[in-house]
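Next up, start-v2.txt (compact mmCIF, C-alpha atoms):
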```txt
# COMPACT_ATOMS: atom_id res chain seq x y z
CA MET A 1 18.55 -5.94 -2.42
CA SER A 2 18.48 -2.40 -3.82
CA ASN A 3 20.46 0.45 -2.21
CA HIS A 4 17.76 2.95 -3.23
CA THR A 5 14.50 3.55 -1.39
CA VAL A 6 11.40 1.70 -2.53
CA ILE A 7 9.87 4.95 -3.80
CA ASP A 8 13.05 5.86 -5.71
CA ASP A 9 13.03 2.52 -7.52
CA LEU A 10 9.30 2.64 -8.25
CA LEU A 11 9.74 6.09 -9.82
CA ALA A 12 12.77 4.95 -11.82
CA ASN A 13 10.76 2.11 -13.35
CA LEU A 14 7.82 4.19 -14.60
CA PRO A 15 7.34 4.71 -18.36
CA ASP A 16 9.52 7.48 -19.84
CA LYS A 17 6.88 8.89 -22.17
CA PRO A 18 4.63 11.37 -20.27
CA VAL A 19 1.12 10.06 -19.67
CA PRO A 20 -1.78 12.56 -19.31
CA VAL A 21 -3.83 12.55 -16.13
CA ARG A 22 -7.52 12.00 -16.86
CA SER A 23 -8.86 12.65 -13.36
CA ILE A 24 -7.86 13.00 -9.71
CA LEU A 25 -10.09 12.48 -6.71
CA VAL A 26 -9.05 12.84 -3.08
CA GLY A 27 -11.71 11.15 -0.94
CA ALA A 28 -11.99 10.95 2.82
CA HIS A 29 -10.38 7.48 2.90
CA TRP A 30 -9.04 6.85 -0.61
CA THR A 31 -7.29 8.87 -3.28
CA ALA A 32 -7.53 7.98 -6.98
CA VAL A 33 -5.43 9.12 -9.92
CA CYS A 34 -6.51 7.99 -13.37
CA SER A 35 -3.97 7.94 -16.19
CA THR A 36 -3.13 4.69 -18.00
CA ARG A 37 -5.30 3.00 -15.38
CA CYS A 38 -7.00 4.12 -12.19
CA GLY A 39 -4.57 3.92 -9.27
CA LEU A 40 -5.56 4.02 -5.61
CA ALA A 41 -3.81 5.03 -2.39
CA THR A 42 -4.86 5.63 1.19
CA THR A 43 -5.66 9.27 1.90
CA ILE A 44 -3.40 10.42 4.74
CA ILE A 45 -3.94 13.96 6.02
CA GLY A 46 -2.39 15.86 8.94
CA GLY A 47 -3.54 14.84 12.38
CA LYS A 48 -5.89 17.75 13.10
CA PRO A 49 -9.22 18.79 11.53
CA HIS A 50 -8.80 21.68 9.07
CA ASP A 51 -5.03 21.21 9.28
CA HIS A 52 -3.97 24.17 7.15
CA THR A 53 -0.34 23.01 7.17
CA THR A 54 -1.41 20.21 4.80
CA VAL A 55 -1.38 22.25 1.60
CA VAL A 56 -1.15 20.50 -1.77
CA HIS A 57 1.07 22.42 -4.18
CA ASP A 58 -0.56 23.40 -7.49
CA VAL A 59 -3.98 22.25 -6.30
CA GLY A 60 -6.59 22.94 -8.97
CA ARG A 61 -3.97 22.41 -11.68
CA LEU A 62 -2.87 18.86 -10.84
CA HIS A 63 -4.82 17.45 -13.79
CA LEU A 64 -2.61 19.50 -16.12
CA LYS A 65 0.50 17.62 -14.99
CA SER A 66 1.64 14.30 -16.43
CA ALA A 67 1.11 11.21 -14.29
CA GLN A 68 4.90 10.97 -13.92
CA GLU A 69 5.04 14.52 -12.52
CA LEU A 70 2.28 13.65 -10.07
CA ALA A 71 4.11 10.44 -9.12
CA LEU A 72 6.99 12.59 -7.81
CA TYR A 73 4.62 13.78 -5.08
CA ALA A 74 5.23 10.37 -3.50
CA LEU A 75 8.55 11.80 -2.24
CA SER A 76 6.80 14.61 -0.35
CA GLU A 77 6.91 14.90 3.44
CA ASN A 78 3.35 16.24 3.12
CA PHE A 79 1.48 12.94 3.36
CA LEU A 80 -1.55 14.20 1.44
CA GLU A 81 0.74 14.97 -1.49
CA ALA A 82 2.43 11.58 -1.00
CA SER A 83 -1.01 9.90 -1.15
CA ILE A 84 -1.58 11.52 -4.55
CA GLY A 85 1.91 10.48 -5.65
CA VAL A 86 1.47 6.81 -4.74
CA ALA A 87 -1.93 6.73 -6.47
CA ALA A 88 -0.24 8.21 -9.57
CA ILE A 89 2.46 5.52 -9.46
CA ASN A 90 -0.24 2.86 -9.28
CA SER A 91 -2.06 4.42 -12.23
CA LEU A 92 1.02 3.94 -14.43
CA LEU A 93 1.88 0.33 -13.62
CA GLU A 94 1.48 -2.33 -16.26
CA VAL A 95 0.59 -5.52 -14.40
CA ASP A 96 0.72 -9.03 -15.81
CA GLU A 97 -2.31 -10.49 -14.06
CA GLN A 98 -1.49 -13.98 -15.39
CA ASN A 99 1.00 -14.28 -12.52
CA ALA A 100 -1.57 -13.29 -9.90
CA VAL A 101 -3.89 -15.19 -7.61
CA GLU A 102 -7.27 -13.54 -7.00
CA MET A 103 -7.23 -13.71 -3.24
CA ASN A 104 -7.88 -11.42 -0.30
CA ALA A 105 -4.72 -10.60 1.68
CA SER A 106 -6.41 -11.81 4.88
CA GLU A 107 -6.86 -15.29 3.37
CA VAL A 108 -3.18 -15.39 2.41
CA LEU A 109 -2.16 -14.36 5.93
CA MET A 110 -4.40 -16.94 7.61
CA LYS A 111 -3.10 -19.68 5.32
CA LYS A 112 0.61 -18.81 5.63
CA GLY A 113 0.46 -17.68 9.27
CA ALA A 114 -1.26 -20.74 10.77
CA GLY A 115 0.62 -21.72 13.93
CA LYS A 116 3.27 -18.99 13.41
CA ASN A 117 4.29 -15.64 14.86
CA VAL A 118 2.84 -12.84 12.73
CA ALA A 119 3.72 -9.14 12.92
CA LEU A 120 1.14 -6.93 11.23
CA VAL A 121 1.92 -3.26 10.72
CA GLY A 122 -1.38 -1.44 10.27
CA HIS A 123 -4.86 -1.95 11.69
CA PHE A 124 -7.05 -4.04 9.38
CA PRO A 125 -10.68 -5.22 9.76
CA PHE A 126 -9.66 -8.90 9.56
CA ILE A 127 -7.54 -8.82 12.76
CA PRO A 128 -10.04 -10.72 15.00
CA ARG A 129 -10.21 -13.61 12.49
CA LEU A 130 -6.47 -13.63 11.94
CA ARG A 131 -5.78 -13.71 15.70
CA LYS A 132 -7.65 -17.02 15.94
CA ALA A 133 -5.65 -18.59 13.10
CA VAL A 134 -2.06 -17.81 14.12
CA LEU A 135 0.18 -18.60 17.10
CA ASN A 136 0.89 -14.98 18.06
CA LEU A 137 -0.32 -11.82 16.36
CA TRP A 138 1.51 -8.57 17.07
CA VAL A 139 -0.37 -5.61 15.60
CA ILE A 140 1.88 -2.54 15.40
CA GLU A 141 0.19 0.82 14.91
CA GLN A 142 1.21 4.48 14.88
CA HIS A 143 -2.07 5.18 16.70
CA PRO A 144 -2.46 2.01 18.83
CA ASP A 145 -5.87 0.90 20.04
CA GLY A 146 -6.81 -2.00 22.34
CA ASP A 147 -4.21 -4.79 22.02
CA ASP A 148 -2.12 -2.92 19.42
CA TYR A 149 1.56 -2.27 20.05
CA PRO A 150 3.01 1.23 19.47
CA ALA A 151 5.25 1.90 16.47
CA SER A 152 8.26 2.03 18.82
CA SER A 153 7.89 -1.72 19.42
CA ALA A 154 8.58 -2.57 15.75
CA ALA A 155 12.33 -2.98 16.29
CA ASP A 156 11.66 -5.62 18.98
CA LEU A 157 8.74 -7.52 17.41
CA ILE A 158 9.36 -7.56 13.64
CA PRO A 159 12.70 -9.45 13.79
CA ARG A 160 10.97 -12.20 15.85
CA ALA A 161 8.13 -12.76 13.36
CA ASP A 162 7.88 -15.69 10.92
CA ILE A 163 5.41 -13.68 8.84
CA VAL A 164 5.57 -9.89 8.52
CA ALA A 165 2.69 -8.04 6.89
CA LEU A 166 3.22 -4.34 6.17
CA THR A 167 0.50 -1.92 5.17
CA ALA A 168 1.35 -0.21 1.89
CA SER A 169 0.42 3.05 3.64
CA ALA A 170 4.01 2.83 4.93
CA LEU A 171 5.03 3.99 1.44
CA ILE A 172 3.05 7.18 1.97
CA ASN A 173 4.43 7.97 5.43
CA HIS A 174 7.95 6.90 4.34
CA THR A 175 8.43 4.18 6.97
CA ILE A 176 8.50 1.23 4.53
CA ASP A 177 12.29 1.05 4.09
CA ASP A 178 13.00 0.99 7.82
CA LEU A 179 10.30 -1.65 8.39
CA LEU A 180 11.64 -3.89 5.63
CA ALA A 181 15.14 -3.60 7.09
CA LEU A 182 13.86 -5.02 10.42
CA CYS A 183 12.55 -8.25 8.88
CA ASN A 184 14.31 -11.52 9.61
CA PRO A 185 15.93 -12.76 6.35
CA ASP A 186 14.02 -16.05 6.76
CA ALA A 187 10.64 -14.37 7.31
CA ARG A 188 7.89 -14.32 4.70
CA VAL A 189 7.17 -10.63 4.08
CA MET A 190 3.89 -9.35 2.65
CA ILE A 191 3.01 -5.81 1.58
CA LEU A 192 -0.73 -5.42 1.50
CA GLY A 193 -3.62 -3.06 0.98
CA PRO A 194 -5.10 -1.22 -2.01
CA SER A 195 -2.18 1.25 -1.99
CA THR A 196 0.26 -1.57 -2.82
CA PRO A 197 2.11 -1.03 -6.11
CA LEU A 198 1.84 -4.33 -7.98
CA SER A 199 5.44 -4.05 -9.11
CA PRO A 200 8.41 -6.44 -8.92
CA VAL A 201 10.34 -3.52 -7.41
CA LEU A 202 8.85 -4.55 -4.06
CA PHE A 203 10.37 -8.03 -4.46
CA ASP A 204 13.77 -6.41 -4.99
CA HIS A 205 13.36 -4.79 -1.56
CA GLY A 206 12.58 -8.00 0.32
CA ALA A 207 8.86 -8.59 -0.14
CA THR A 208 7.80 -12.20 -0.68
CA ILE A 209 4.13 -11.47 -1.41
CA ILE A 210 2.44 -8.30 -2.66
CA ALA A 211 -1.33 -8.10 -2.29
CA GLY A 212 -3.19 -5.14 -3.73
CA SER A 213 -6.06 -4.16 -5.98
CA ARG A 214 -6.84 -3.41 -9.62
CA VAL A 215 -9.69 -1.10 -10.57
CA LEU A 216 -12.11 -2.78 -12.99
CA ASP A 217 -14.88 -0.17 -13.14
CA GLU A 218 -13.39 3.30 -12.85
CA SER A 219 -16.66 5.26 -12.71
CA VAL A 220 -18.07 3.07 -9.93
CA VAL A 221 -14.86 3.31 -7.89
CA LEU A 222 -14.64 7.10 -8.25
CA ASN A 223 -18.30 7.41 -7.29
CA ASN A 224 -17.75 5.25 -4.18
CA ILE A 225 -14.62 6.94 -2.87
CA GLY A 226 -15.94 10.39 -3.76
CA GLN A 227 -18.83 9.69 -1.37
CA GLY A 228 -16.53 8.72 1.50
CA ALA A 229 -16.42 4.93 1.07
CA THR A 230 -14.10 2.78 3.14
CA PHE A 231 -12.45 0.07 1.08
CA GLN A 232 -15.00 -2.51 2.28
CA GLN A 233 -17.65 -0.33 0.60
CA VAL A 234 -15.78 0.07 -2.69
CA THR A 235 -17.05 -2.06 -5.57
CA GLY A 236 -15.56 -2.40 -9.03
CA VAL A 237 -12.14 -3.64 -7.90
CA ARG A 238 -10.34 -6.98 -8.00
CA LEU A 239 -8.01 -8.13 -5.21
CA LEU A 240 -4.80 -9.69 -6.50
CA ALA A 241 -1.80 -11.31 -4.81
CA PHE A 242 1.61 -11.98 -6.40
CA THR A 243 4.41 -14.13 -5.05
CA ARG A 244 8.12 -13.54 -5.65
CA PRO A 245 9.16 -15.98 -8.40
CA ASP A 246 11.67 -17.85 -6.18
CA ALA A 247 9.20 -18.28 -3.27
CA SER A 248 6.69 -21.08 -2.67
CA PRO A 249 3.33 -20.38 -4.39
CA LEU A 250 0.20 -19.23 -2.57
```

I'd like the structure from this file rewritten - as structure tokens, please.
Amino acid sequence: MSNHTVIDDLLANLPDKPVPVRSILVGAHWTAVCSTRCGLATTIIGGKPHDHTTVVHDVGRLHLKSAQELALYALSENFLEASIGVAAINSLLEVDEQNAVEMNASEVLMKKGAGKNVALVGHFPFIPRLRKAVLNLWVIEQHPDGDDYPASSAADLIPRADIVALTASALINHTIDDLLALCNPDARVMILGPSTPLSPVLFDHGATIIAGSRVLDESVVLNNIGQGATFQQVTGVRLLAFTRPDASPL
């Protein structure tokens, strides 16, 4: 297990040679940075409309930076900047898709979570289906709704879970390291969502499964997210899941 943060280790493992940024798009729901590839991340903005405290440094000139310089924005306490930074990290990752299973994260969770206690950090559209498949489902949310548990309950619920699924948005709001530290050593831990860096760095920090996306058709994806698409409306992507080499396969 690494002593550095997840973001620190992701940044340390990026290519040394500067890579130009071809385009950047910050959509209502998704942010894209295109360099080696097109990388995605959830768009997280301050909590109020027209929140003028959420100011992106060097806006209008971001495309003149290298992708590695943009990736450093992932360290920012300004979550809009961090969204851009995580998308930039994802744009630089070389992924060996031979080791992947093309599978939706919800299918993985339903298969591995059957009859077990599952803690899910983040509100996902598949929750009603997942609830029927598992023994107990504890949904933990920073903005709880309905049966969700508040973020303050994580310290109580996560250590009791057989399966822990963490939204990769936790990279952007810098809660990922604390959440990973709460997991039972025997639990199967998944990091999921299109923001997920498909990098073995996440395995070094305790993840068993990483489930994210790869952009296949850049122009289609940029067109979708530029028009306010939710991820369910985005086409031109492939969903991929990777398992830690020493763990049982999907």

Sort by chain and increasing residue number a table of all residues of region 96-148 of chain A within 7 Å of region 157-177 of chain A, each with its closest pair of atoms and their distance in Å to one decimal, counting all atoms listed in the file, and write it as CSV.
```
residue,atom,partner,partner_atom,distance
A:Gly113,CA,A:Ile163,CA,6.4
A:Lys116,CA,A:Asp162,CA,6.2
A:Asn117,CA,A:Ala161,CA,5.0
A:Val118,CA,A:Ile163,CA,4.7
A:Ala119,CA,A:Val164,CA,4.8
A:Leu120,CA,A:Ala165,CA,4.7
A:Val121,CA,A:Leu166,CA,4.9
A:Gly122,CA,A:Thr167,CA,5.5
```

Write out as a short mmCIF file (atom, residue, chain, number, x, y, z; two decimals) with C-alpha atoms, in the coordinates of the input each polymer residue whose atoms come within 9 Å of Glu218 (chain A), counting all atoms listed in the file; drop sequence neighbours fewer than 2 positions from it.
```cif
data_model
loop_
_atom_site.label_atom_id
_atom_site.label_comp_id
_atom_site.auth_asym_id
_atom_site.auth_seq_id
_atom_site.Cartn_x
_atom_site.Cartn_y
_atom_site.Cartn_z
CA CYS A 34 -6.51 7.99 -13.37
CA ARG A 37 -5.30 3.00 -15.38
CA CYS A 38 -7.00 4.12 -12.19
CA VAL A 215 -9.69 -1.10 -10.57
CA LEU A 216 -12.11 -2.78 -12.99
CA VAL A 220 -18.07 3.07 -9.93
CA VAL A 221 -14.86 3.31 -7.89
CA LEU A 222 -14.64 7.10 -8.25
CA ASN A 223 -18.30 7.41 -7.29
CA GLY A 236 -15.56 -2.40 -9.03
CA VAL A 237 -12.14 -3.64 -7.90
#
```

- Closest of A:Ala241, A:Ala154, A:Leu179, A:Ile225 to Trp30 (chain A) - atom-to-atom distances counting only C-alpha atoms: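 The answer is A:Ile225, which sits nearest to Trp30 (chain A).
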
- Query: If I put a ball of radius 10 Å at (-0.3, -3.1, 18.9) in the file's coordinates, which residues poke into it when counting all atoms listed in the file, written as a list in words?
  - Reply: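 Output: Ala119, Leu120, Val121, Gly122, His123, Leu137, Trp138, Val139, Ile140, Glu141, Gln142, His143, Pro144, Asp145, Gly146, Asp147, Asp148, Tyr149, Pro150, Ala151, Ser152, Ser153 and Ala154 of chain A.
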
Please, could you write that set of residues out with C-alpha atoms as a compact mmCIF listing (two decimals), in the frame of the given file?
```txt
# COMPACT_ATOMS: atom_id res chain seq x y z
CA ALA A 119 3.72 -9.14 12.92
CA LEU A 120 1.14 -6.93 11.23
CA VAL A 121 1.92 -3.26 10.72
CA GLY A 122 -1.38 -1.44 10.27
CA HIS A 123 -4.86 -1.95 11.69
CA LEU A 137 -0.32 -11.82 16.36
CA TRP A 138 1.51 -8.57 17.07
CA VAL A 139 -0.37 -5.61 15.60
CA ILE A 140 1.88 -2.54 15.40
CA GLU A 141 0.19 0.82 14.91
CA GLN A 142 1.21 4.48 14.88
CA HIS A 143 -2.07 5.18 16.70
CA PRO A 144 -2.46 2.01 18.83
CA ASP A 145 -5.87 0.90 20.04
CA GLY A 146 -6.81 -2.00 22.34
CA ASP A 147 -4.21 -4.79 22.02
CA ASP A 148 -2.12 -2.92 19.42
CA TYR A 149 1.56 -2.27 20.05
CA PRO A 150 3.01 1.23 19.47
CA ALA A 151 5.25 1.90 16.47
CA SER A 152 8.26 2.03 18.82
CA SER A 153 7.89 -1.72 19.42
CA ALA A 154 8.58 -2.57 15.75
```

- Distance query Ser83 (chain A) at most 12 Å, all atoms listed in the file, self and fewer than 4 positions along chain excluded, as a VMD selection string: chain A and resid 24 to 33 39 to 46 54 56 70 to 79 87 to 90 168 to 174 194 to 196

- Item | Proximity to Ser23 (chain A) - best of A:Leu64, A:Ala155, A:Ala133, A:Leu93, only C-alpha atoms |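 Checking each candidate against Ser23 (chain A), we get A:Leu64 as the closest.
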
- By how many Å are CA of Leu130 (chain A) and CA of Met110 (chain A) apart? 5.8 Å

Residues at most 10 Å from Phe242 (chain A), counting all atoms listed in the file, excluding those fewer than 2 positions away in the same chain, as a PDB file with C-alpha atoms, in the frame of the given file?
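To be explicit, this is the file written out as result_20.pdb:
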```pdb
ATOM      1  CA  ASP A  96       0.720  -9.030 -15.810  1.00  0.00           C
ATOM      2  CA  GLU A  97      -2.310 -10.490 -14.060  1.00  0.00           C
ATOM      3  CA  GLN A  98      -1.490 -13.980 -15.390  1.00  0.00           C
ATOM      4  CA  ASN A  99       1.000 -14.280 -12.520  1.00  0.00           C
ATOM      5  CA  ALA A 100      -1.570 -13.290  -9.900  1.00  0.00           C
ATOM      6  CA  VAL A 101      -3.890 -15.190  -7.610  1.00  0.00           C
ATOM      7  CA  GLU A 102      -7.270 -13.540  -7.000  1.00  0.00           C
ATOM      8  CA  MET A 103      -7.230 -13.710  -3.240  1.00  0.00           C
ATOM      9  CA  MET A 190       3.890  -9.350   2.650  1.00  0.00           C
ATOM     10  CA  LEU A 198       1.840  -4.330  -7.980  1.00  0.00           C
ATOM     11  CA  SER A 199       5.440  -4.050  -9.110  1.00  0.00           C
ATOM     12  CA  PRO A 200       8.410  -6.440  -8.920  1.00  0.00           C
ATOM     13  CA  PHE A 203      10.370  -8.030  -4.460  1.00  0.00           C
ATOM     14  CA  THR A 208       7.800 -12.200  -0.680  1.00  0.00           C
ATOM     15  CA  ILE A 209       4.130 -11.470  -1.410  1.00  0.00           C
ATOM     16  CA  ILE A 210       2.440  -8.300  -2.660  1.00  0.00           C
ATOM     17  CA  ALA A 211      -1.330  -8.100  -2.290  1.00  0.00           C
ATOM     18  CA  GLY A 212      -3.190  -5.140  -3.730  1.00  0.00           C
ATOM     19  CA  LEU A 240      -4.800  -9.690  -6.500  1.00  0.00           C
ATOM     20  CA  ARG A 244       8.120 -13.540  -5.650  1.00  0.00           C
ATOM     21  CA  PRO A 245       9.160 -15.980  -8.400  1.00  0.00           C
ATOM     22  CA  PRO A 249       3.330 -20.380  -4.390  1.00  0.00           C
ATOM     23  CA  LEU A 250       0.200 -19.230  -2.570  1.00  0.00           C
TER      24      LEU A 250
END
```

- Rounded to one decimal place, report the CA of Leu11 (chain A)-CA of Ala105 (chain A) distance in Å.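 Rounded to one decimal, the two atoms are 24.9 Å apart.
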
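Between CA of Asn136 (chain A) and CA of Ser106 (chain A) the interatomic distance comes to 15.4 Å.
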
Counting all atoms listed in the file, what is within 10 Å of Gln68 (chain A), bar same-chain residues fewer than 6 positions away, as a compact mmCIF listing (two decimals) with C-alpha atoms, keeping the file's coordinate frame?
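Listing of part_18.txt after writing:
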```
# COMPACT_ATOMS: atom_id res chain seq x y z
CA LEU A 11 9.74 6.09 -9.82
CA LEU A 14 7.82 4.19 -14.60
CA PRO A 15 7.34 4.71 -18.36
CA ASP A 16 9.52 7.48 -19.84
CA LYS A 17 6.88 8.89 -22.17
CA PRO A 18 4.63 11.37 -20.27
CA VAL A 19 1.12 10.06 -19.67
CA PRO A 20 -1.78 12.56 -19.31
CA VAL A 21 -3.83 12.55 -16.13
CA SER A 35 -3.97 7.94 -16.19
CA GLY A 85 1.91 10.48 -5.65
CA ALA A 88 -0.24 8.21 -9.57
CA ILE A 89 2.46 5.52 -9.46
CA SER A 91 -2.06 4.42 -12.23
CA LEU A 92 1.02 3.94 -14.43
```

- Note on the structure: Across A:Asp246, A:Asp204, A:Asp178, A:Asp58, the smallest distance to Leu10 (chain A), with only C-alpha atoms counted, is shown by A:Asp204

- Message: Considering all atoms listed in the file, can you say which of A:Val55, A:Leu80, A:Cys183, A:Ile191 comes closest to Leu109 (chain A)?
- Response: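 Of A:Val55, A:Leu80, A:Cys183, A:Ile191, the one nearest Leu109 (chain A) is A:Ile191, counting all atoms listed in the file.
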